[in-house]
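Have a look at run.csv below; it lists CSV, C-alpha atoms.
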```csv
chain,number,residue,atom,x,y,z
A,1,MET,CA,-37.7,-32.8,-56.3
A,2,MET,CA,-37.3,-35.2,-59.2
A,3,LEU,CA,-39.7,-34.4,-62.0
A,4,GLN,CA,-41.0,-36.9,-64.5
A,5,ALA,CA,-41.3,-36.1,-68.2
A,6,THR,CA,-41.4,-37.8,-71.5
A,7,LEU,CA,-38.5,-37.9,-73.9
A,8,SER,CA,-40.1,-35.3,-76.2
A,9,THR,CA,-40.6,-32.9,-73.3
A,10,LEU,CA,-37.4,-33.6,-71.4
A,11,VAL,CA,-35.4,-30.6,-72.6
A,12,PRO,CA,-37.1,-27.2,-72.3
A,13,ALA,CA,-37.4,-25.4,-75.7
A,14,ALA,CA,-35.3,-22.5,-74.3
A,15,ARG,CA,-32.4,-24.9,-73.6
A,16,ARG,CA,-32.3,-26.8,-76.9
A,17,GLU,CA,-30.0,-24.6,-78.9
A,18,SER,CA,-27.6,-24.2,-76.0
A,19,LEU,CA,-27.3,-27.9,-75.5
A,20,ALA,CA,-27.0,-28.5,-79.3
A,21,ALA,CA,-24.1,-26.1,-79.3
A,22,ALA,CA,-22.6,-28.0,-76.3
A,23,VAL,CA,-22.5,-31.1,-78.5
A,24,ARG,CA,-19.8,-29.6,-80.6
A,25,VAL,CA,-17.4,-29.0,-77.7
A,26,ARG,CA,-18.3,-31.9,-75.4
A,27,THR,CA,-15.4,-34.4,-75.0
A,28,SER,CA,-14.5,-37.0,-72.4
A,29,CYS,CA,-12.4,-35.3,-69.7
A,30,ARG,CA,-10.1,-37.5,-67.7
A,31,ALA,CA,-8.1,-34.9,-65.8
A,32,PHE,CA,-9.7,-32.2,-63.6
A,33,ALA,CA,-8.0,-29.1,-62.2
A,34,ASN,CA,-10.7,-28.3,-59.6
A,35,ALA,CA,-14.1,-29.2,-58.3
A,36,PRO,CA,-17.0,-27.1,-59.5
A,37,THR,CA,-17.6,-23.9,-57.5
A,38,PRO,CA,-20.5,-23.8,-55.0
A,39,GLN,CA,-22.6,-21.9,-57.5
A,40,GLU,CA,-21.8,-24.5,-60.2
A,41,VAL,CA,-22.6,-27.3,-57.7
A,42,ALA,CA,-26.0,-25.7,-57.1
A,43,ALA,CA,-26.7,-25.5,-60.8
A,44,LEU,CA,-25.6,-29.1,-61.4
A,45,ALA,CA,-27.8,-30.3,-58.5
A,46,TYR,CA,-30.7,-28.6,-60.1
A,47,HIS,CA,-30.1,-30.2,-63.5
A,48,ALA,CA,-29.6,-33.6,-61.8
A,49,GLY,CA,-33.0,-33.2,-60.2
A,50,ARG,CA,-34.9,-31.9,-63.1
A,51,TYR,CA,-33.7,-34.5,-65.7
A,52,ALA,CA,-35.6,-37.6,-64.9
A,53,LEU,CA,-37.5,-40.2,-67.0
A,54,PRO,CA,-39.5,-43.3,-65.9
A,55,GLY,CA,-37.2,-45.7,-64.1
A,56,ALA,CA,-34.1,-43.4,-64.4
A,57,PHE,CA,-32.8,-40.7,-62.1
A,58,LEU,CA,-29.6,-38.7,-61.4
A,59,THR,CA,-28.1,-37.7,-58.1
A,60,LEU,CA,-25.1,-35.5,-57.6
A,61,LEU,CA,-22.4,-37.0,-55.3
A,62,ASP,CA,-19.2,-36.1,-53.6
A,63,VAL,CA,-16.7,-38.7,-54.6
A,64,PRO,CA,-13.4,-39.7,-52.9
A,65,GLU,CA,-10.3,-38.7,-54.9
A,66,ASP,CA,-9.4,-42.4,-55.6
A,67,ALA,CA,-12.9,-43.3,-56.8
A,68,PHE,CA,-11.7,-43.6,-60.4
A,69,THR,CA,-9.0,-45.8,-61.8
A,70,ASN,CA,-8.2,-43.7,-64.9
A,71,ILE,CA,-9.5,-40.2,-64.0
A,72,THR,CA,-7.6,-37.7,-61.9
A,73,GLY,CA,-8.7,-34.7,-59.8
A,74,CYS,CA,-12.5,-35.5,-59.8
A,75,ARG,CA,-14.4,-34.8,-56.6
A,76,LYS,CA,-18.0,-34.6,-58.0
A,77,ALA,CA,-20.0,-37.1,-60.1
A,78,ALA,CA,-23.6,-37.6,-61.1
A,79,ALA,CA,-24.8,-41.1,-60.3
A,80,VAL,CA,-27.0,-42.6,-63.0
A,81,CYS,CA,-29.5,-44.6,-61.1
A,82,LEU,CA,-32.3,-47.1,-62.0
A,83,GLN,CA,-35.5,-48.1,-60.3
A,84,GLY,CA,-35.8,-51.6,-61.8
A,85,ASP,CA,-33.6,-52.6,-64.7
A,86,SER,CA,-35.5,-52.9,-67.9
A,87,TRP,CA,-33.9,-52.0,-71.3
A,88,LEU,CA,-36.2,-49.0,-71.5
A,89,HIS,CA,-35.0,-47.7,-68.1
A,90,ARG,CA,-31.4,-48.0,-69.4
A,91,LEU,CA,-32.4,-46.1,-72.6
A,92,ASN,CA,-34.0,-43.4,-70.4
A,93,ALA,CA,-30.8,-43.3,-68.3
A,94,GLY,CA,-28.7,-42.6,-71.3
A,95,ALA,CA,-31.0,-39.7,-72.3
A,96,ILE,CA,-31.1,-38.0,-69.0
A,97,GLY,CA,-27.4,-38.6,-68.3
A,98,GLU,CA,-26.5,-37.0,-71.7
A,99,ALA,CA,-28.8,-34.0,-71.0
A,100,PHE,CA,-26.8,-33.5,-67.7
A,101,VAL,CA,-23.5,-33.8,-69.6
A,102,LEU,CA,-24.5,-31.2,-72.1
A,103,GLU,CA,-25.8,-28.8,-69.3
A,104,ALA,CA,-22.4,-29.2,-67.6
A,105,THR,CA,-20.6,-28.6,-70.9
A,106,ALA,CA,-22.6,-25.5,-71.5
A,107,MET,CA,-21.3,-24.3,-68.1
A,108,GLY,CA,-17.7,-24.8,-69.2
A,109,LEU,CA,-17.3,-28.0,-67.1
A,110,GLY,CA,-15.7,-31.2,-68.2
A,111,THR,CA,-17.5,-34.5,-68.0
A,112,CYS,CA,-16.8,-38.2,-68.6
A,113,TRP,CA,-19.2,-41.1,-68.8
A,114,VAL,CA,-17.8,-43.9,-66.6
A,115,GLY,CA,-19.2,-47.4,-66.8
A,116,GLY,CA,-16.7,-49.7,-65.1
A,117,SER,CA,-13.4,-48.1,-64.1
A,118,PHE,CA,-14.5,-46.8,-60.8
A,119,ARG,CA,-14.8,-48.1,-57.2
A,120,ARG,CA,-18.5,-49.1,-57.3
A,121,GLU,CA,-18.6,-50.1,-53.7
A,122,ALA,CA,-17.4,-46.7,-52.6
A,123,LEU,CA,-20.3,-45.0,-54.3
A,124,LYS,CA,-23.2,-47.5,-53.9
A,125,SER,CA,-23.9,-46.5,-50.3
A,126,ARG,CA,-24.3,-42.9,-51.4
A,127,ILE,CA,-27.2,-43.4,-53.8
A,128,PRO,CA,-30.9,-43.1,-52.7
A,129,GLN,CA,-32.5,-46.2,-51.2
A,130,GLY,CA,-34.4,-48.4,-53.6
A,131,MET,CA,-32.2,-47.5,-56.6
A,132,SER,CA,-29.4,-49.3,-58.3
A,133,LEU,CA,-26.2,-47.7,-59.6
A,134,LEU,CA,-25.9,-48.1,-63.4
A,135,CYS,CA,-22.9,-45.8,-64.1
A,136,VAL,CA,-21.5,-42.4,-63.1
A,137,ILE,CA,-20.6,-39.2,-64.9
A,138,ALA,CA,-17.5,-37.5,-63.6
A,139,VAL,CA,-17.7,-33.7,-63.6
A,140,GLY,CA,-15.4,-30.8,-62.7
A,141,ARG,CA,-13.3,-28.0,-63.9
A,142,PRO,CA,-11.2,-29.3,-66.8
A,143,CYS,CA,-7.4,-28.8,-66.8
A,144,ILE,CA,-7.7,-27.6,-70.4
A,145,PRO,CA,-10.6,-25.2,-71.4
A,146,LEU,CA,-13.2,-26.9,-73.6
A,147,THR,CA,-12.8,-26.4,-77.3
A,148,PRO,CA,-14.3,-28.3,-80.2
A,149,PRO,CA,-12.0,-31.3,-80.9
A,150,PRO,CA,-10.4,-31.1,-84.4
A,151,THR,CA,-11.5,-34.6,-85.2
A,152,ARG,CA,-13.7,-37.3,-83.6
A,153,PRO,CA,-13.5,-41.1,-84.1
A,154,ARG,CA,-17.0,-41.3,-85.5
A,155,MET,CA,-18.6,-43.1,-88.4
A,156,SER,CA,-19.6,-41.0,-91.4
A,157,PRO,CA,-23.3,-40.2,-92.1
A,158,GLU,CA,-23.1,-42.6,-95.0
A,159,GLN,CA,-22.3,-45.4,-92.6
A,160,LEU,CA,-24.9,-44.4,-90.0
A,161,CYS,CA,-27.9,-43.5,-92.3
A,162,ARG,CA,-29.9,-45.8,-94.4
A,163,GLY,CA,-31.1,-44.5,-97.8
A,164,ARG,CA,-30.6,-41.1,-99.4
A,165,TRP,CA,-30.0,-39.1,-96.2
A,166,ARG,CA,-29.0,-36.0,-98.1
A,167,GLN,CA,-32.6,-35.8,-99.3
A,168,TRP,CA,-34.1,-35.9,-95.9
A,169,PRO,CA,-35.9,-32.9,-94.5
A,170,GLU,CA,-33.4,-30.4,-93.1
A,171,GLU,CA,-34.7,-31.0,-89.5
A,172,LEU,CA,-33.9,-34.7,-89.8
A,173,ILE,CA,-30.5,-34.1,-91.4
A,174,ARG,CA,-29.6,-32.0,-88.4
A,175,ALA,CA,-30.9,-34.7,-86.1
A,176,ALA,CA,-28.7,-37.2,-87.8
A,177,THR,CA,-25.7,-34.8,-87.6
A,178,LEU,CA,-26.1,-34.5,-83.8
A,179,VAL,CA,-26.5,-38.3,-83.4
A,180,GLN,CA,-23.3,-38.8,-85.5
A,181,GLN,CA,-21.5,-36.8,-82.7
A,182,ALA,CA,-23.0,-38.7,-79.8
A,183,PRO,CA,-20.5,-40.6,-77.5
A,184,SER,CA,-20.9,-44.4,-77.0
A,185,GLY,CA,-19.0,-47.2,-75.3
A,186,MET,CA,-15.6,-47.7,-77.1
A,187,ASN,CA,-17.0,-45.3,-79.8
A,188,GLN,CA,-18.8,-48.2,-81.4
A,189,GLN,CA,-21.9,-46.1,-82.3
A,190,PRO,CA,-24.2,-49.2,-82.3
A,191,TRP,CA,-27.1,-47.6,-84.1
A,192,THR,CA,-28.4,-46.8,-87.6
A,193,LEU,CA,-30.8,-44.1,-88.7
A,194,GLU,CA,-33.6,-44.1,-91.2
A,195,VAL,CA,-36.5,-41.9,-92.3
A,196,THR,CA,-39.6,-44.0,-93.0
A,197,PRO,CA,-42.0,-43.3,-95.8
A,198,ASN,CA,-44.3,-41.7,-93.2
A,199,GLY,CA,-41.6,-39.2,-92.3
A,200,GLU,CA,-40.7,-40.9,-89.0
A,201,PHE,CA,-37.2,-40.7,-87.7
A,202,ALA,CA,-36.1,-44.2,-86.7
A,203,VAL,CA,-33.2,-45.3,-84.6
A,204,GLN,CA,-32.2,-49.0,-84.8
A,205,SER,CA,-29.9,-50.3,-82.1
A,206,PRO,CA,-29.5,-53.6,-80.2
A,207,VAL,CA,-31.4,-53.7,-76.9
A,208,ALA,CA,-28.2,-54.6,-75.2
A,209,SER,CA,-26.9,-51.1,-76.2
A,210,ALA,CA,-29.9,-49.3,-74.8
A,211,LEU,CA,-27.8,-46.9,-72.7
A,212,ASP,CA,-25.8,-45.7,-75.7
A,213,ALA,CA,-29.0,-45.5,-77.8
A,214,GLY,CA,-30.5,-43.2,-75.1
A,215,ILE,CA,-27.6,-40.9,-75.5
A,216,ALA,CA,-28.0,-40.9,-79.3
A,217,ILE,CA,-31.7,-40.3,-79.1
A,218,LEU,CA,-31.2,-37.3,-76.7
A,219,HIS,CA,-29.0,-35.8,-79.4
A,220,ALA,CA,-31.7,-36.3,-82.0
A,221,GLU,CA,-34.3,-34.9,-79.8
A,222,LEU,CA,-32.4,-31.6,-79.6
A,223,ALA,CA,-33.0,-31.1,-83.3
A,224,LEU,CA,-36.6,-32.2,-83.6
A,225,ILE,CA,-38.8,-29.1,-83.7
A,226,THR,CA,-41.9,-30.7,-85.3
A,227,PRO,CA,-44.3,-31.9,-82.6
A,228,HIS,CA,-43.8,-35.6,-82.2
A,229,THR,CA,-43.9,-38.5,-79.8
A,230,TRP,CA,-41.4,-41.3,-79.3
A,231,ARG,CA,-42.4,-45.0,-79.4
A,232,PHE,CA,-40.1,-47.8,-78.4
A,233,SER,CA,-39.9,-51.5,-79.2
A,234,ASP,CA,-37.6,-54.4,-78.4
A,235,ALA,CA,-39.1,-56.5,-81.3
A,236,PRO,CA,-36.2,-57.9,-83.5
A,237,ASP,CA,-37.9,-56.6,-86.7
A,238,ALA,CA,-38.7,-53.1,-85.4
A,239,PRO,CA,-36.5,-50.0,-84.7
A,240,LEU,CA,-35.6,-49.5,-81.1
A,241,ALA,CA,-37.0,-45.9,-81.1
A,242,VAL,CA,-39.1,-43.9,-83.6
A,243,ALA,CA,-40.0,-40.2,-83.4
A,244,GLN,CA,-43.5,-40.0,-84.9
A,245,PRO,CA,-44.8,-36.6,-86.0
A,246,ARG,CA,-48.1,-35.6,-84.4
A,247,GLY,CA,-51.0,-34.2,-86.4
```
Starting from the file, lay out its structure as structure tokens.
Amino acid sequence: MMLQATLSTLVPAARRESLAAAVRVRTSCRAFANAPTPQEVAALAYHAGRYALPGAFLTLLDVPEDAFTNITGCRKAAAVCLQGDSWLHRLNAGAIGEAFVLEATAMGLGTCWVGGSFRREALKSRIPQGMSLLCVIAVGRPCIPLTPPPTRPRMSPEQLCRGRWRQWPEELIRAATLVQQAPSGMNQQPWTLEVTPNGEFAVQSPVASALDAGIAILHAELALITPHTWRFSDAPDAPLAVAQPRG
């Protein structure tokens, strides 16, 4: 059964440290040695079912060997599906998809977000009725065991953060550090981070990059331990997402 949640309750407290640790070793895997084992498939199906947000759902699929144009050996993928196609649904899709990616990474599996280089028609018929296919996440046993990459093509915190980020509360510095490691299309990292005078953690990103922003926001959420709620806006003079402390 697909469960609905809010972004601030999406990841159980008991899973946050494990997924934050997976951020450090996650990398895009484009060559797979084997499909996941039956036990791993059961775990992946569970995670695909439990990570859902309004308008965005995951479903685990068998895929034909030639489903991808630049990935080899992949036989399983999570379809990232939308019910409707608002920018907020795409942001939610990024968040739940990245939660799935990090769960798979914590299991020692390789993953890769795939937006365009796959045979869409071969997979569209396999998704639940009434949903549209946004993208897929290839998953399987990697040819090379996962290890933290020595470097990543990422912007520095000084480039991503507005203001004196080194003086932010420790919790928000950690959130920014996890966001800095988030994947995005062509590694463009189309977001900036700011802490408002009210202590809110703000993520500014173009609405057109809502999927990438959702991935980044999921990374931030893993670090946020102070009770909070997220608010979202597509107004041109407002941040796309803001984590507002409660209380």
Could you give me, as a compact mmCIF listing (two decimals) with C-alpha atoms, in the frame of the given file, the residues within 8 Å of Cys29 in chain A, counting all atoms listed in the file and dropping anything in the same chain fewer than 6 positions from it?
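Writing the result to around-v9.txt gives the following:
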```txt
# COMPACT_ATOMS: atom_id res chain seq x y z
CA GLY A 110 -15.70 -31.20 -68.20
CA THR A 111 -17.50 -34.50 -68.00
CA CYS A 112 -16.80 -38.20 -68.60
CA PRO A 142 -11.20 -29.30 -66.80
```
Residues near Gly199 in chain A, cut-off 8 Å, all atoms listed in the file, skip fewer than 2 positions along chain, as a list in words: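 The neighbour list is Val195, Thr196, Pro197, Phe201, Gln244 and Pro245 of chain A.
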Could the residues of range 175-246 of chain A that have an atom at most 12 Å from range 36-59 of chain A be listed as a tab-separated table, each with its closest atom pair and the distance in Å to one decimal, counting only C-alpha atoms and ordered by chain and ascending residue number?
```
residue	atom	partner	partner_atom	distance
A:Leu211	CA	A:Ala56	CA	11.0
A:Gly214	CA	A:Leu53	CA	11.1
A:Leu218	CA	A:Tyr51	CA	11.6
```
Grab the CA of Trp165 in chain A to CA of Val203 in chain A distance for me, in Å with one decimal place.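 According to the coordinates, CA of Trp165 in chain A and CA of Val203 in chain A are separated by 13.5 Å.
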Taking (-17.5, -35.4, -57.7) in the coordinates of the supplied file, I want to know which residues reach to within 7 Å of it, counting only C-alpha atoms; could you give the answer as JSON, numbers by chain? {"A": [61, 62, 63, 74, 75, 76, 77, 138, 139]}
What separates CA of Ala22 in chain A and CA of Ala99 in chain A is a distance of 10.1 Å
Discussion item. Here's a test: counting only C-alpha atoms, identify every protein, DNA and RNA residue with an atom at most 12 Å from (-24.1, -32.4, -70.3) in the file's coordinate frame, and state them as number ranges by chain.
Written reply: A: 11, 15-16, 18-28, 44, 47-48, 51, 77-78, 94-113, 137-140, 182-183, 215, 218-219
Have a look at A:Glu170, A:Asp234, A:Glu194, A:Asp66 and name the one nearest to Ser209 in chain A; count all atoms listed in the file.
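The answer is A:Asp234, which sits nearest to Ser209 in chain A.
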- Of the listed residues A:Arg30, A:His89, A:Arg231, A:Arg166, that which approaches Met131 in chain A most closely, counting all atoms listed in the file: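 Nearest to Met131 in chain A: A:His89.
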In Å and to one decimal, CA of Ala238 in chain A is distant from CA of Ala213 in chain A by 14.5 Å
- Pick out the closest residue to Leu60 in chain A from this set: A:Phe118, A:Asn198, A:Ser184, A:Val136. Count only C-alpha atoms.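 Closest to Leu60 in chain A, using only C-alpha atoms: A:Val136.
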Trp191 in chain A proximity check over A:Val179, A:Val80, A:Ala220, A:Ile173, using all atoms listed in the file: winner is A:Val179
Check the smallest atom-to-atom distance from each of A:Arg162, A:Arg174, A:Arg154, A:Arg90 to Gln188 in chain A using only C-alpha atoms, then report the winner.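 Checking each candidate against Gln188 in chain A, we get A:Arg154 as the closest.
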Dump C-alpha atoms of range 72-161 of chain A from the given block, as a compact mmCIF listing (two decimals), in the first residue's frame.
```txt
# COMPACT_ATOMS: atom_id res chain seq x y z
CA THR A 72 24.43 -1.94 -19.06
CA GLY A 73 23.24 -4.97 -17.08
CA CYS A 74 20.25 -3.31 -15.39
CA ARG A 75 17.13 -5.46 -14.95
CA LYS A 76 15.29 -3.52 -12.24
CA ALA A 77 14.23 0.12 -11.99
CA ALA A 78 11.99 2.29 -9.88
CA ALA A 79 9.55 4.24 -12.02
CA VAL A 80 9.04 7.77 -10.68
CA CYS A 81 5.39 8.50 -11.40
CA LEU A 82 3.14 11.54 -11.18
CA GLN A 83 -0.58 11.91 -10.64
CA GLY A 84 -1.01 15.25 -12.37
CA ASP A 85 2.02 17.34 -13.31
CA SER A 86 2.38 20.40 -11.10
CA TRP A 87 5.80 21.72 -10.13
CA LEU A 88 5.11 20.68 -6.54
CA HIS A 89 4.43 17.10 -7.67
CA ARG A 90 7.80 17.09 -9.45
CA LEU A 91 9.50 18.44 -6.33
CA ASN A 92 7.87 15.67 -4.30
CA ALA A 93 9.01 13.15 -6.93
CA GLY A 94 12.61 14.26 -6.47
CA ALA A 95 12.35 13.86 -2.70
CA ILE A 96 10.82 10.36 -2.72
CA GLY A 97 13.07 9.18 -5.53
CA GLU A 98 16.20 10.26 -3.67
CA ALA A 99 14.94 8.60 -0.48
CA PHE A 100 14.66 5.36 -2.50
CA VAL A 101 18.13 5.89 -3.98
CA LEU A 102 19.68 6.29 -0.54
CA GLU A 103 17.85 3.24 0.83
CA ALA A 104 19.25 1.20 -2.08
CA THR A 105 22.70 2.67 -1.50
CA ALA A 106 22.53 1.70 2.18
CA MET A 107 21.88 -1.87 0.97
CA GLY A 108 25.08 -1.79 -1.12
CA LEU A 109 23.20 -1.46 -4.42
CA GLY A 110 24.04 0.89 -7.26
CA THR A 111 21.55 3.38 -8.65
CA CYS A 112 21.27 5.98 -11.38
CA TRP A 113 18.67 8.65 -12.00
CA VAL A 114 17.68 8.46 -15.69
CA GLY A 115 15.61 11.23 -17.23
CA GLY A 116 15.82 10.73 -20.97
CA SER A 117 18.21 8.02 -22.13
CA PHE A 118 15.80 5.09 -21.84
CA ARG A 119 13.10 3.50 -23.99
CA ARG A 120 10.11 5.30 -22.52
CA GLU A 121 7.54 3.40 -24.57
CA ALA A 122 8.90 0.07 -23.30
CA LEU A 123 8.16 1.10 -19.70
CA LYS A 124 5.06 3.31 -19.93
CA SER A 125 2.76 0.31 -20.23
CA ARG A 126 4.15 -1.10 -16.94
CA ILE A 127 3.22 1.77 -14.65
CA PRO A 128 -0.08 1.96 -12.72
CA GLN A 129 -3.10 3.27 -14.58
CA GLY A 130 -3.80 6.96 -14.14
CA MET A 131 -0.15 7.89 -13.57
CA SER A 132 2.43 9.41 -15.89
CA LEU A 133 6.07 8.37 -16.05
CA LEU A 134 8.43 11.21 -15.12
CA CYS A 135 11.76 9.35 -15.00
CA VAL A 136 13.28 6.12 -13.72
CA ILE A 137 15.95 5.06 -11.26
CA ALA A 138 18.08 2.14 -12.41
CA VAL A 139 19.04 -0.18 -9.55
CA GLY A 140 21.11 -3.35 -9.21
CA ARG A 141 24.29 -4.94 -7.96
CA PRO A 142 27.16 -2.67 -9.11
CA CYS A 143 30.17 -4.07 -10.96
CA ILE A 144 32.41 -2.23 -8.48
CA PRO A 145 31.50 -2.13 -4.75
CA LEU A 146 30.32 1.27 -3.57
CA THR A 147 32.97 3.46 -1.99
CA PRO A 148 33.04 7.22 -1.35
CA PRO A 149 34.25 8.91 -4.56
CA PRO A 150 37.53 10.82 -4.03
CA THR A 151 36.04 13.95 -5.59
CA ARG A 152 32.67 15.12 -6.85
CA PRO A 153 31.98 17.81 -9.47
CA ARG A 154 30.14 20.03 -7.01
CA MET A 155 30.02 23.73 -6.22
CA SER A 156 31.68 24.84 -2.99
CA PRO A 157 29.56 25.88 0.02
CA GLU A 158 30.67 29.47 -0.62
CA GLN A 159 29.05 29.26 -4.07
CA LEU A 160 25.85 27.63 -2.84
CA CYS A 161 25.24 29.49 0.43
```
